[in-house]
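**Q** My questions will all concern the structure given below.
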Amino acid sequence: MVEDISKRTEYRNVVEVSGPLMVVEGISDVAYNEIAKIKLPSGEERLGQVLEARSNRAIIQVFAGTRGLDTDQTSVQFTGEVMKFGVSRELLGRVFNGIGEPIDDSPDIIPEERRDINGDPINPSAREFPREFIQTGLSTIDGMFTLVRGQKLPMFSASGLPHNNVAAQIARQAKVLGEEEEFAVVFCAMGITSEEANFFINDFERTGALERAVLFLNLADDPAIERTIIPRLALTAAEYLAFDEGMQVLVILSDMTNYCEALREIAAAREEVPGRRGYPGYLYTDLASIYERAGRILNREGSITMIPILTMPDDDITHPIPDLTGYITEGQIVFSRELHRKGIRPPITPDGSLSRLMQQGIGEERTREDHSDVSNQLYAAYAEGNELRDLVAVVGEEALSERDRTYLKFAEEFEERFIAQGGDEDRSIDETLDLAWELLTIIPKRDLKRIDERFIDKYYPG
Amino acid sequence: MINEAEESIKKISKPKKGEEGNIIKVAGPVVQAENLRGAEMYEVVHVGEEGLIGEVIELEEDVATIQVYEETGGVKPGEKVVRTGEPLSVELGPGLITEIYDGIQRPLDMIKDETGDFIKRGVDVSPLEHEKKWEFKPSVDKGDDVSTGDILGTVQETNVVEHKVMIPPDKEGTVKEIVDQGEYTIDDTIAVIEDDDKEFEITMVQRWPVRIGRPIADKKAPGELLITGQRVLDTFFPLAKGGTAAIPGGFGTGKTVIQHQLAKWSDADIVVYVGCGERGNEMTEVLRDFPELEDPRTGEPLMKRTILIANTSNMPVAAREASVYSGITLAEYYRDMGYNVALMADSTSRWAEALREISGRLEEMPGEEGYPAYLASELAAFYERAGICELHGGREGSVSVIGAVSPSGGDFSEPVTQNTLRIVQVFWALDTELRNKRHFPAINWLKSYSLYLDQVAEWWGDNVNENWHTLRREGMKLLEKEDELQEIVQLVGPDALPRSDQFALQAARVLREDFLQQNAFHDVDTYCEPEKQFRMLQIMMEFHDRGMKALEEDVKVDDLADMEVLEKLSRMSNVPSDKWEEKYGDIEMHMNKEFDELMEG
């Protein structure tokens, strides 16, 4: 991905190598963020990026790590440009590594254009507000925290929970009702195991989605520093496919926690002033520069819908990574270890899950007129049932009133029938809402305060 | 303060403009350049070959440290830095209303025309349209004596906003010439003022440095309610015009929804909405909704009184830092015309983080959680620009500031929340647990407070009902009691409570679910006028009082819990404004009848 630079000056004055960084002196004409090519004593070549440019000195982060670098023979050439990635329609069906080189033994791509991987922010006044309902076929998501086209909706999971299965199921089943449009999946792996990556690849293969997918793989044993680059490569590809080629692109980023760890590693090596838990103070800004690339643009066909996956360290939702993510993304899908333990699959909990763009994406003509009210009622009833469970633990079920017992029953049934569903079970939005009504008959009818009377008349079963 | 501002303004025309230095270091948004002796703190400079906009934030000998408002990738040491001789300023004049700007007052629509759907750097666009002609109507005559803040004439800026062309803060004298009514651009001279021997020309546009507050004659004590149409706010935790409020809450607790509700329904004349480091799609939502939504007071689209500033999270961090200052300066300008202005900043935490990021790059000694030690004073200085003011020119105007705070991990003990609470008078605490129960707005009534209660009591008395203060207190008492009782219930179950307490829980539930909760997405419920709020609360408290009396007559708690009126109470909020008076009367009658029957039977 780097042009011929053989005529450029080769600098040998490496004065310091530390962690993922190296310092080279005696240079001139080097730009901030410029890409450098580093030649090791062994003859091996690596890429790096300028993190700080001074008149005669540059700090470079070396993507593939600094092992084997020395301060004697190692040489550096600057490429004269920031990191770019060649885009074209031919990206579909291809696999790339963390610095954008193809790793699938197929010939190199002849790009339409080489683009700065950092992209440019979408002008807020050029954005189109996302409001097309995406049916994922999962009742909890469609019914209670609806995904719309152009939204960024992360999965807050934790180690040992089946977030990959859910992400793959969404990639498989997601559709906009009544429309046949070109779709594509961009999958970006950051520090996940080859087993996890293979799970996705096999699933895409099984369903024929692979030829509509672009894969970017940085696995657990690949250089950690490349994890700070790879999501930007993936999003550059996604932006091209969506906004130039007019495709509906679903981007899956897994696992953002590893991305943030890599960022922290670089910040620590640079001896920067740390923010919370050692993460750099600009973590929010940095994450935003990734997440905000999702969206829709006025008068353009395509869209980028983003599902970043992150594992919450120690299941802690207040940890900086989920916390800052939640402040940027338009909601979140939270996985619960408790539900998982109970055997509820997928263990997606309404407790804490949310979709901010839902209100505009549902209702008459989009999903169904009663959707919003039903969803609110489900939330409220489940929350109340859950609260009563705590009470039962203290005073026993006998102490509860008749009304309270119906809520307990509701919570049980809701988990077992609404949340739980098969890995290949694709429920339509009507099926989801009808199921919700059926479950709501468990609690007293006059408690359905969140639902408009006319919907109760129309949809209440029986 | 006036002098300081005058000084800053005067420098605009001095010959420092155009002096050049050279970049010696680039690291993210912070650039250092040498040969800049004489550059001043907070002066605006153009950085590099593309002329990126930056601001001087540190000086040492001839080296200036500059925060750059645009991306710096590809910028090289050796490139030039050009001085403008001017501090970061905004352009003030007709044409601001309905506009959407980035953090340094560049119109996003113009940027779009220049660079397409994505924002590229190095764009130089003017904040106001200089070619557009406005109908100017003079209101002074030749020979009139005028001074700072006096109105020379007016321009109908939108259907609802009359723009007043004022004498700029540092000028006074006699009107030597004033143009006739007619169409003029903002650069046309509309008046000539003579002061002793000097003469100066006045146009419809002025510039003002964003980091300095515009001068006022005096500050007054806020007392008039800022009507928001949100029951929990107006009735329980009211904000006064010219006051300050903070809304802290973890993600997903509804900060942005509340800010949008306030921008939509609060009875300010002008709304300045600053989207500071937040989501792009949310700004798009405002852009799409506001031109369509109708202002309940004027019947005109809400956009006709709104200015938007959008520096979303992926736009450059230094411009985010500037965006709140740009916003409040615009707000002050309209305040000076005598308007009540409300400024919403969503979110001040992102602004504080921008401070932290820049401070980190300067390698300053960090305070708590890496924030700079001057965080508290910066926050205080910002909120202090709010207020209801007596103005030069003999008018009165106000700026109310409502800042959202996004505490990390939803933990209110973090520095931004704590430092904000030390300054603001109203605290609307958002609560994750309420959010999980779908109790919206998720404002915790036990943690929130308003220090304007006594001040706005008079307003409520004059405009709605003198019993507001008492009724509110009783409502609060009931809610507090519920909280205490809930703790007992958690230990022993509800049956162990005395009957009166069991009923108190029932009545509190009505208040909580049917009064405090309000559906922002419901056509009717989204706005609730103060009279309606009062009446709702009155009927609900009557339910409580009559229920308590009924218990004394040995009516069973279960019978009270089964009353038909409960369902009617729960649907009170959805009664449209032209029907509620009648309908509420019916509900009250029905309720009393039901109580009568219970007590007889």
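As shown in the structure tokens, the chain order sets the letters A, B, ...; within each chain, residues go from 1, and ligands are also counted from 1 in the order they appear.
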Residues of range 203-318 of chain A in alpha helix (DSSP H) according to DSSP, as a PyMOL selection string?
**A** chain A and resi 203-206+230-239+256-269+283-291
**Q** Next, the residues of the selection above should be written as a short mmCIF file (atom, residue, chain, number, x, y, z; two decimals), in the first residue's frame with N, CA, C and O atoms.
**A**
data_model
loop_
_atom_site.label_atom_id
_atom_site.label_comp_id
_atom_site.auth_asym_id
_atom_site.auth_seq_id
_atom_site.Cartn_x
_atom_site.Cartn_y
_atom_site.Cartn_z
N ASP A 203 -19.16 -18.78 8.83
CA ASP A 203 -20.58 -18.44 8.78
C ASP A 203 -20.90 -17.65 7.51
O ASP A 203 -21.92 -17.88 6.87
N PHE A 204 -20.02 -16.71 7.15
CA PHE A 204 -20.22 -15.95 5.90
C PHE A 204 -20.18 -16.91 4.71
O PHE A 204 -20.94 -16.77 3.76
N GLU A 205 -19.27 -17.89 4.78
CA GLU A 205 -19.10 -18.83 3.69
C GLU A 205 -20.37 -19.68 3.53
O GLU A 205 -20.90 -19.86 2.44
N ARG A 206 -20.83 -20.17 4.68
CA ARG A 206 -22.01 -21.04 4.71
C ARG A 206 -23.22 -20.36 4.08
O ARG A 206 -24.01 -20.98 3.38
N ILE A 230 -6.23 -0.64 11.79
CA ILE A 230 -7.10 -1.51 11.01
C ILE A 230 -8.57 -1.06 10.95
O ILE A 230 -9.19 -1.14 9.89
N PRO A 231 -9.15 -0.53 12.04
CA PRO A 231 -10.56 -0.11 11.89
C PRO A 231 -10.70 1.04 10.90
O PRO A 231 -11.72 1.18 10.23
N ARG A 232 -9.64 1.83 10.79
CA ARG A 232 -9.70 2.97 9.86
C ARG A 232 -9.62 2.49 8.41
O ARG A 232 -10.24 3.06 7.53
N LEU A 233 -8.83 1.41 8.20
CA LEU A 233 -8.80 0.82 6.86
C LEU A 233 -10.19 0.30 6.52
O LEU A 233 -10.73 0.54 5.43
N ALA A 234 -10.76 -0.42 7.49
CA ALA A 234 -12.07 -1.04 7.25
C ALA A 234 -13.12 0.02 6.94
O ALA A 234 -13.94 -0.15 6.03
N LEU A 235 -13.06 1.14 7.67
CA LEU A 235 -14.08 2.17 7.47
C LEU A 235 -13.85 2.95 6.18
O LEU A 235 -14.80 3.44 5.57
N THR A 236 -12.60 3.05 5.76
CA THR A 236 -12.33 3.67 4.47
C THR A 236 -12.95 2.83 3.36
O THR A 236 -13.58 3.36 2.44
N ALA A 237 -12.79 1.50 3.50
CA ALA A 237 -13.42 0.60 2.53
C ALA A 237 -14.94 0.74 2.59
O ALA A 237 -15.61 0.85 1.56
N ALA A 238 -15.48 0.77 3.81
CA ALA A 238 -16.94 0.86 3.98
C ALA A 238 -17.48 2.15 3.38
O ALA A 238 -18.51 2.15 2.70
N GLU A 239 -16.79 3.26 3.64
CA GLU A 239 -17.26 4.55 3.10
C GLU A 239 -17.30 4.53 1.58
O GLU A 239 -18.23 5.02 0.96
N MET A 256 -13.48 -4.00 20.22
CA MET A 256 -13.01 -2.64 20.46
C MET A 256 -12.16 -2.53 21.73
O MET A 256 -11.36 -1.61 21.87
N THR A 257 -12.35 -3.46 22.64
CA THR A 257 -11.54 -3.43 23.86
C THR A 257 -10.06 -3.59 23.51
O THR A 257 -9.20 -2.89 24.05
N ASN A 258 -9.77 -4.49 22.57
CA ASN A 258 -8.38 -4.67 22.16
C ASN A 258 -7.83 -3.43 21.48
O ASN A 258 -6.65 -3.10 21.62
N TYR A 259 -8.69 -2.75 20.73
CA TYR A 259 -8.28 -1.50 20.09
C TYR A 259 -7.84 -0.50 21.15
O TYR A 259 -6.78 0.11 21.05
N CYS A 260 -8.66 -0.36 22.19
CA CYS A 260 -8.36 0.64 23.22
C CYS A 260 -7.08 0.27 24.00
O CYS A 260 -6.32 1.15 24.39
N GLU A 261 -6.87 -1.03 24.20
CA GLU A 261 -5.64 -1.47 24.87
C GLU A 261 -4.42 -1.03 24.06
O GLU A 261 -3.42 -0.58 24.61
N ALA A 262 -4.51 -1.18 22.74
CA ALA A 262 -3.38 -0.81 21.88
C ALA A 262 -3.12 0.69 21.97
O ALA A 262 -1.98 1.14 22.02
N LEU A 263 -4.22 1.45 22.02
CA LEU A 263 -4.10 2.89 22.13
C LEU A 263 -3.41 3.28 23.45
O LEU A 263 -2.56 4.16 23.51
N ARG A 264 -3.79 2.55 24.49
CA ARG A 264 -3.20 2.82 25.80
C ARG A 264 -1.71 2.50 25.81
O ARG A 264 -0.91 3.20 26.41
N GLU A 265 -1.37 1.43 25.10
CA GLU A 265 0.03 1.02 25.05
C GLU A 265 0.89 2.14 24.43
O GLU A 265 1.96 2.46 24.94
N ILE A 266 0.37 2.72 23.35
CA ILE A 266 1.14 3.79 22.69
C ILE A 266 1.23 5.02 23.59
O ILE A 266 2.28 5.63 23.74
N ALA A 267 0.10 5.35 24.22
CA ALA A 267 0.08 6.53 25.09
C ALA A 267 1.06 6.37 26.24
O ALA A 267 1.78 7.30 26.60
N ALA A 268 1.12 5.16 26.79
CA ALA A 268 2.03 4.91 27.90
C ALA A 268 3.48 5.03 27.42
O ALA A 268 4.32 5.62 28.11
N ALA A 269 3.75 4.50 26.23
CA ALA A 269 5.12 4.57 25.70
C ALA A 269 5.53 6.01 25.47
O ALA A 269 6.71 6.35 25.58
N LEU A 283 -9.22 9.42 24.53
CA LEU A 283 -9.88 8.18 24.11
C LEU A 283 -11.27 8.45 23.52
O LEU A 283 -11.65 7.87 22.51
N TYR A 284 -12.01 9.37 24.16
CA TYR A 284 -13.35 9.69 23.65
C TYR A 284 -13.28 10.21 22.21
O TYR A 284 -13.98 9.73 21.31
N THR A 285 -12.40 11.19 22.00
CA THR A 285 -12.25 11.78 20.66
C THR A 285 -11.83 10.73 19.65
O THR A 285 -12.33 10.67 18.53
N ASP A 286 -10.89 9.87 20.07
CA ASP A 286 -10.38 8.85 19.17
C ASP A 286 -11.48 7.86 18.79
O ASP A 286 -11.65 7.52 17.62
N LEU A 287 -12.23 7.40 19.78
CA LEU A 287 -13.32 6.46 19.49
C LEU A 287 -14.37 7.12 18.60
O LEU A 287 -14.91 6.49 17.69
N ALA A 288 -14.63 8.40 18.85
CA ALA A 288 -15.62 9.10 18.04
C ALA A 288 -15.19 9.15 16.58
O ALA A 288 -16.01 9.05 15.67
N SER A 289 -13.87 9.26 16.35
CA SER A 289 -13.40 9.35 14.97
C SER A 289 -13.64 8.02 14.24
O SER A 289 -13.60 7.97 13.02
N ILE A 290 -13.88 6.96 14.99
CA ILE A 290 -14.24 5.68 14.36
C ILE A 290 -15.77 5.56 14.25
O ILE A 290 -16.32 5.38 13.17
N TYR A 291 -16.44 5.69 15.39
CA TYR A 291 -17.88 5.43 15.42
C TYR A 291 -18.67 6.41 14.55
O TYR A 291 -19.66 6.05 13.93
#
**Q** Run DSSP on the backbone and tell me which residues of range 260-432 of chain A come out as strand (DSSP E); list them as JSON, numbers by chain.
**A** {"A": [295, 296, 303, 304, 305, 306, 307, 308, 309, 310, 311, 331, 332, 333, 334, 335, 348, 349, 350, 351, 352, 353, 354, 355]}
**Q** Just need the residues of chain A within 7 Å of chain B, counting only C-alpha atoms, so spit them out as a PyMOL selection string.
**A** chain A and resi 29-34+51-55+81-82+120-129+273-276+281-282+285+288-289+292+318-319+323+326-328+331+351-352+376+379-380+383+391+394-395+399+449
**Q** Which residue gives the smallest distance to Phe96 in chain A among A:Asn218, A:Thr136, A:Thr305, A:Ser194, with only C-alpha atoms counted?
**A**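 Using only C-alpha atoms, the shortest distance to Phe96 in chain A belongs to A:Asn218.
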**Q** Within 7 Å of range 409-414 of chain A, counting only C-alpha atoms, which residues qualify if same-chain residues fewer than 5 places away don't, as JSON, numbers by chain?
**A** {"A": [382, 385, 386, 419, 439, 442, 443]}
**Q** Excluding range 581-597 of chain B and any residue of its chain fewer than 6 positions from it, enumerate the residues within 9 Å of it, using only C-alpha atoms, and give them as a CSV table (one decimal) with C-alpha atoms, in the first residue's frame.
**A**
chain,number,residue,atom,x,y,z
B,532,LYS,CA,-52.4,22.3,33.4
B,535,ARG,CA,-54.4,21.3,38.0
B,536,MET,CA,-53.0,17.8,37.6
B,539,ILE,CA,-56.3,16.6,41.6
B,542,GLU,CA,-56.8,15.7,46.4
B,543,PHE,CA,-56.9,11.9,45.7
B,546,ARG,CA,-59.5,12.2,50.4
B,547,GLY,CA,-58.0,8.7,50.5
B,550,ALA,CA,-61.6,7.6,53.8
B,560,LEU,CA,-59.0,2.3,47.3
B,563,MET,CA,-60.9,2.7,42.3
B,564,GLU,CA,-61.9,3.5,38.8
B,565,VAL,CA,-60.5,7.0,38.9
B,566,LEU,CA,-57.0,5.6,39.0
B,568,LYS,CA,-58.5,8.2,34.6
B,569,LEU,CA,-55.7,9.9,36.5
B,572,MET,CA,-54.7,12.9,32.4
B,575,VAL,CA,-55.7,15.4,27.3
**Q** To one decimal place in Å, what is the distance between CA of Glu224 in chain B and CA of Gln455 in chain B?
**A**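 Separation of CA of Glu224 in chain B and CA of Gln455 in chain B: 7.5 Å.
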